Amino acid sequence: MADFSSVLSPREGEIHVIAAAQHIVKALGANKNLDDDLRKILSQLDGHLSAMTLLTTESRGTGFREVEEQLKYAEEKIRSWESNQFLLWDSDESDPLEASEFLKTIDEIQALIGGLRSLSVNGNGKQKDLLNRADSILQMAMSRLEKEIMHILVKHKQYFQPKNMSFRSCGMDVLYDESFVSVEDIPSEEELRRNSSGKESDEYIFDLIHPHVIPHLKSIANVMFGVTYDQEFCQAFVSVRRDALEEYLVVLKVEKFSMEDVLKMEWSSLNYEIKKWVRAMNIIIRYLASEKHLCDQILGDYGFVNPLCFVEISKGSLAHLLNFGEAIAMGTHEPEKLFRLLDMYEVVADNLLDIDALFSEEAGTAIRLDFHELLRSLGDSGRATFLKFGNAIAANVSTRPFSGGGIHPLTKYVMNYIKTLTLYCNSLNVLLKDQEAADSNPVVEPENGQGDSSITHCQMACHFRSITATLESNLDRKSKLYRDGVLQHIFLVNNFHYMAQKVKCCDLRIFIGDEWIKEHIVKYKQHAMSYERATWNSVLSLLKDDDSPRFCSASKAIRGFTIAFEEVYKNQTGWSIPDPELREDLQISTSQKVIHAYRSFMGRKSSSINEKYVRHSPDDLQNYILDLFNGSPRILQSSRKK
């Protein structure tokens, strides 16, 4: 605004100059093509010129009196609106013209204040009194506008509704303790749900305030900024929008915990809170995009004030999310936490570019840096936890053999664990890229890369092969706990078969490779053959034609075979092969060998065998063999023929 103090003089010529300037301003204001901002500037200038016209008559003793009358009139109007219980904007009883008149009155008051301050009348007490009075009236009006702002923002708040959002999170927990508790396989539908993107395909902006009130808020902002009450406007705006964001966190069921609370929390509770945190992070970043859009709509014309207000709205809630994340990263590196750590790492990594864009101005620098630091901390913690998992497998010690020679809980745990880790392939490869393997857990490169995809050579695949090699060594040690050497083979058949099938039937196959699968199929089949030899060769040897004193008659041979078979039956019905197909294959293989030898011997020696020694028919034996490896010990009842 130009300094008009130099033209203020009791001389009539100067009064005419002011009048001419005012005429030009009014003529410009009559142009219908002016935008709202320029029209407002001209209106304010007109008000200032009017005030100056009044004040130039001060030498005649009439100027201050007319200014005082105008202030009195403006004060009465402001007080009448202040005493009105209805709000000027957005009330059933409100009139749009009333709101417009209220803002016009504020412009008039500000014009009078500007005119009074432009006077260079030293020591004029009347002038100071009028300025103080005008400032008091203006402050009253500003207080009313603050109430109007908060009312509009609260009443017309719209609840954020994220569109088509799904969240990457492992649906099943793979638990770990000293006994390596067994876990079930993760359902395939959970994997499909997790593989869907947590981010929306297109940018989605939601109107957090009903669009029809945006012009009202902008009008109030223009007035308050114009009279240097910008700080009061921002305080009211930020206060309501900050509360709305904190309220939305409550809707998302995100609780506020101190770092100490998080570090002391039991895993079951912490696991639940992490899942809520991951979901909230995805939604809040989408929410903040809409919040920034709202700030741009209302404060976009006010330079650095816009990003500063957006940061003030956001930083409290984001600080809570950041503190929780840092507390998790600071915690212990127990293997069961890895999947949640990776969920957190990925949700921060996936949203980091959006965070950088939202807080790109200087005001948001601290928030940007905090999220980059959180990503680094979560990555370090995830990497350390993954490496500790491999060490935990090597260190797992058993003092007693696993009952029945079945699939050890350690085997199920490890294979399901690494199967689930395939869902985090990209993140793990980044975290392991520069990690040198420890001597106790060397990274195993594939021996034969022919036919394998390049993914079998990635960091994660190499670590997977090291983990399975460590598991095999541990299983070999555990097999030695069985006193019965035959049961050692059954134990290894079960566990190597489980490992091979797990890799073959899921995404582990593309990481570990077909060569590994072939090798382990050979391994468990070799142990199956060793079982057959160790168990049945000695039993079937009793049916051989032998003239030695040990086999002096066919009857004694049948009797010896029957006793040996029943002993095998009593022991091996209590052994377990959980996989139905594997159990059936071994039963069929055993049946073919045993029944063939038994029938052949009975056919050759039928005339030499005393009927009283034939307790079981070939068909009986075939049925008995089907009882083997079912995990329920049985004793054969005599079916001796009379």
# chains A, B, ... in the order shown; residues from 1 in each chain; ligands from 1
>>> select_by_dssp(residues="range 391-605 of chain A", states="alpha helix (DSSP H)", output="ChimeraX atom specification")
/A:391-395,409-421,425-432,459-479,485-504,508-512,514-532,538-540,554-572,580-605
>>> residues_around(residues="range 481-487 of chain A", least_positions_apart="2", cutoff="9 Å", atoms="only C-alpha atoms", output="tab-separated table (two decimals) with all heavy atoms, in the first residue's frame")
chain	number	residue	atom	x	y	z
A	398	SER	N	18.87	-81.41	21.19
A	398	SER	CA	17.88	-82.30	21.80
A	398	SER	C	18.60	-83.32	22.66
A	398	SER	O	19.70	-83.78	22.32
A	398	SER	CB	17.07	-83.03	20.72
A	398	SER	OG	16.38	-82.11	19.91
A	399	THR	N	17.98	-83.69	23.76
A	399	THR	CA	18.56	-84.71	24.65
A	399	THR	C	17.85	-86.04	24.51
A	399	THR	O	18.38	-87.07	24.92
A	399	THR	CB	18.46	-84.24	26.11
A	399	THR	OG1	17.10	-83.97	26.44
A	399	THR	CG2	19.29	-82.98	26.32
A	400	ARG	N	16.67	-86.04	23.92
A	400	ARG	CA	15.91	-87.28	23.71
A	400	ARG	C	15.44	-87.35	22.27
A	400	ARG	O	15.16	-86.32	21.65
A	400	ARG	CB	14.70	-87.32	24.65
A	400	ARG	CG	15.06	-87.46	26.12
A	400	ARG	CD	13.82	-87.54	26.98
A	400	ARG	NE	13.02	-86.32	26.88
A	400	ARG	CZ	11.84	-86.15	27.49
A	400	ARG	NH1	11.33	-87.14	28.21
A	400	ARG	NH2	11.19	-85.03	27.37
A	401	PRO	N	15.32	-88.56	21.74
A	401	PRO	CA	14.86	-88.70	20.35
A	401	PRO	C	13.40	-88.32	20.22
A	401	PRO	O	12.62	-88.46	21.17
A	401	PRO	CB	15.09	-90.18	20.05
A	401	PRO	CG	15.02	-90.85	21.38
A	401	PRO	CD	15.61	-89.88	22.36
A	402	PHE	N	13.03	-87.84	19.03
A	402	PHE	CA	11.65	-87.46	18.78
A	402	PHE	C	10.80	-88.72	18.62
A	402	PHE	O	11.14	-89.64	17.88
A	402	PHE	CB	11.55	-86.59	17.53
A	402	PHE	CG	10.18	-86.05	17.27
A	402	PHE	CD1	9.60	-85.15	18.15
A	402	PHE	CD2	9.46	-86.45	16.16
A	402	PHE	CE1	8.34	-84.64	17.91
A	402	PHE	CE2	8.19	-85.96	15.92
A	402	PHE	CZ	7.62	-85.05	16.80
A	404	GLY	N	8.64	-91.77	17.79
A	404	GLY	CA	8.15	-92.45	16.60
A	404	GLY	C	8.93	-92.18	15.33
A	404	GLY	O	8.56	-92.68	14.26
A	405	GLY	N	9.99	-91.38	15.40
A	405	GLY	CA	10.78	-91.10	14.20
A	405	GLY	C	10.08	-90.23	13.19
A	405	GLY	O	10.43	-90.25	12.00
A	477	ARG	N	22.45	-85.23	13.64
A	477	ARG	CA	22.82	-85.40	15.05
A	477	ARG	C	21.64	-85.94	15.85
A	477	ARG	O	21.82	-86.80	16.72
A	477	ARG	CB	23.26	-84.05	15.65
A	477	ARG	CG	24.57	-83.52	15.10
A	477	ARG	CD	25.15	-82.44	16.01
A	477	ARG	NE	24.23	-81.35	16.25
A	477	ARG	CZ	24.12	-80.27	15.49
A	477	ARG	NH1	24.87	-80.17	14.39
A	477	ARG	NH2	23.27	-79.30	15.79
A	478	LYS	N	20.46	-85.44	15.58
A	478	LYS	CA	19.28	-85.90	16.31
A	478	LYS	C	18.98	-87.37	16.01
A	478	LYS	O	18.46	-88.09	16.88
A	478	LYS	CB	18.07	-85.03	15.98
A	478	LYS	CG	18.19	-83.58	16.47
A	478	LYS	CD	16.93	-82.80	16.17
A	478	LYS	CE	17.10	-81.32	16.46
A	478	LYS	NZ	17.55	-80.99	17.80
A	479	SER	N	19.27	-87.81	14.80
A	479	SER	CA	19.00	-89.22	14.45
A	479	SER	C	19.85	-90.18	15.29
A	479	SER	O	19.44	-91.31	15.57
A	479	SER	CB	19.25	-89.46	12.96
A	479	SER	OG	20.64	-89.43	12.67
A	489	HIS	N	16.93	-94.41	10.30
A	489	HIS	CA	16.63	-94.25	8.88
A	489	HIS	C	15.21	-93.72	8.66
A	489	HIS	O	14.98	-92.86	7.80
A	489	HIS	CB	16.80	-95.59	8.15
A	489	HIS	CG	18.22	-96.05	8.09
A	489	HIS	ND1	19.21	-95.34	7.49
A	489	HIS	CD2	18.81	-97.19	8.58
A	489	HIS	CE1	20.36	-95.99	7.58
A	489	HIS	NE2	20.14	-97.12	8.24
A	490	ILE	N	14.25	-94.22	9.42
A	490	ILE	CA	12.87	-93.74	9.29
A	490	ILE	C	12.80	-92.25	9.62
A	490	ILE	O	12.13	-91.47	8.93
A	490	ILE	CB	11.93	-94.55	10.21
A	490	ILE	CG1	11.81	-95.99	9.71
A	490	ILE	CG2	10.55	-93.89	10.29
A	490	ILE	CD1	11.17	-96.12	8.34
A	491	PHE	N	13.50	-91.85	10.66
A	491	PHE	CA	13.52	-90.44	11.05
A	491	PHE	C	14.06	-89.57	9.91
A	491	PHE	O	13.48	-88.53	9.57
A	491	PHE	CB	14.39	-90.28	12.31
A	491	PHE	CG	14.59	-88.86	12.74
A	491	PHE	CD1	13.59	-88.16	13.40
A	491	PHE	CD2	15.80	-88.20	12.49
A	491	PHE	CE1	13.79	-86.83	13.80
A	491	PHE	CE2	16.00	-86.89	12.89
A	491	PHE	CZ	14.99	-86.20	13.55
A	492	LEU	N	15.15	-90.00	9.30
A	492	LEU	CA	15.73	-89.21	8.21
A	492	LEU	C	14.89	-89.28	6.94
A	492	LEU	O	14.82	-88.30	6.19
A	492	LEU	CB	17.16	-89.66	7.96
A	492	LEU	CG	18.13	-89.38	9.12
A	492	LEU	CD1	19.51	-89.98	8.83
A	492	LEU	CD2	18.25	-87.88	9.36
A	530	SER	N	17.86	-98.28	2.96
A	530	SER	CA	18.65	-98.73	4.12
A	530	SER	C	17.72	-99.30	5.19
A	530	SER	O	18.06	-100.28	5.86
A	530	SER	CB	19.46	-97.57	4.69
A	530	SER	OG	20.41	-97.11	3.75
A	531	TYR	N	16.56	-98.67	5.37
A	531	TYR	CA	15.58	-99.21	6.31
A	531	TYR	C	15.17	-100.62	5.91
A	531	TYR	O	15.13	-101.53	6.75
A	531	TYR	CB	14.34	-98.30	6.37
A	531	TYR	CG	13.10	-99.06	6.76
A	531	TYR	CD1	12.85	-99.40	8.09
A	531	TYR	CD2	12.18	-99.49	5.79
A	531	TYR	CE1	11.73	-100.14	8.43
A	531	TYR	CE2	11.06	-100.21	6.13
A	531	TYR	CZ	10.83	-100.54	7.45
A	531	TYR	OH	9.73	-101.29	7.80
A	532	GLU	N	14.83	-100.80	4.65
A	532	GLU	CA	14.36	-102.12	4.20
A	532	GLU	C	15.43	-103.18	4.40
A	532	GLU	O	15.14	-104.29	4.87
A	532	GLU	CB	13.95	-102.04	2.73
A	532	GLU	CG	12.67	-101.24	2.50
A	532	GLU	CD	12.23	-101.28	1.05
A	532	GLU	OE1	13.00	-101.78	0.19
A	532	GLU	OE2	11.10	-100.82	0.76
A	534	ALA	N	17.99	-103.08	6.54
A	534	ALA	CA	18.27	-103.29	7.97
A	534	ALA	C	17.15	-104.05	8.66
A	534	ALA	O	17.40	-104.83	9.59
A	534	ALA	CB	18.50	-101.95	8.66
A	535	THR	N	15.93	-103.84	8.23
A	535	THR	CA	14.78	-104.49	8.89
A	535	THR	C	14.51	-105.88	8.31
A	535	THR	O	14.42	-106.87	9.02
A	535	THR	CB	13.52	-103.63	8.76
A	535	THR	OG1	13.72	-102.39	9.42
A	535	THR	CG2	12.31	-104.33	9.38
A	572	GLN	N	7.27	-101.47	14.84
A	572	GLN	CA	7.13	-100.49	13.76
A	572	GLN	C	5.71	-99.99	13.53
A	572	GLN	O	5.53	-99.00	12.83
A	572	GLN	CB	7.72	-101.07	12.47
A	572	GLN	CG	9.21	-101.33	12.59
A	572	GLN	CD	9.87	-101.67	11.28
A	572	GLN	OE1	9.28	-101.54	10.22
A	572	GLN	NE2	11.12	-102.12	11.35
A	575	TRP	N	5.94	-96.71	15.08
A	575	TRP	CA	6.70	-95.68	14.38
A	575	TRP	C	5.76	-94.88	13.48
A	575	TRP	O	4.66	-95.33	13.15
A	575	TRP	CB	7.81	-96.31	13.54
A	575	TRP	CG	8.85	-97.01	14.37
A	575	TRP	CD1	8.91	-97.08	15.73
A	575	TRP	CD2	9.95	-97.77	13.87
A	575	TRP	NE1	9.99	-97.81	16.13
A	575	TRP	CE2	10.66	-98.25	15.00
A	575	TRP	CE3	10.43	-98.08	12.60
A	575	TRP	CZ2	11.80	-99.02	14.88
A	575	TRP	CZ3	11.57	-98.86	12.49
A	575	TRP	CH2	12.25	-99.32	13.61
>>> residues_around(residues="Pro211 in chain A", least_positions_apart="2", cutoff="12 Å", atoms="only C-alpha atoms", output="count of residues only")
19
>>> residues_around(residues="Lys256 in chain A", least_positions_apart="3", cutoff="12 Å", atoms="only C-alpha atoms", output="PyMOL selection string")
chain A and resi 246+249-250+252-253+259-262+273+276-277+316-325
>>> closest_residue(among="A:Asp243, A:Glu326, A:Glu472, A:Asp619", to="Ser314 in chain A", atoms="only C-alpha atoms")
A:Asp243
>>> residues_around(residues="range 520-529 of chain A", least_positions_apart="2", cutoff="9 Å", atoms="only C-alpha atoms", output="list of chain:residue names")
A:Gln488, A:His489, A:Ile490, A:Leu492, A:Val493, A:Asn494, A:Asn495, A:Phe496, A:His497, A:Met499, A:Ala500, A:Gln501, A:Glu515, A:Trp516, A:Ile517, A:Lys518, A:Tyr531, A:Glu532, A:Arg533, A:Ala534, A:Leu586
>>> closest_residue(among="A:Gln587, A:Ser576, A:Asn429, A:Ser290", to="Phe464 in chain A", atoms="only C-alpha atoms")
A:Asn429
>>> closest_residue(among="A:Leu471, A:Phe511, A:Leu358, A:Ala327", to="Ser258 in chain A", atoms="only C-alpha atoms")
A:Ala327
>>> atom_distance(atom1="CA of Leu97 in chain A", atom2="CA of Cys234 in chain A")
25.3 Å
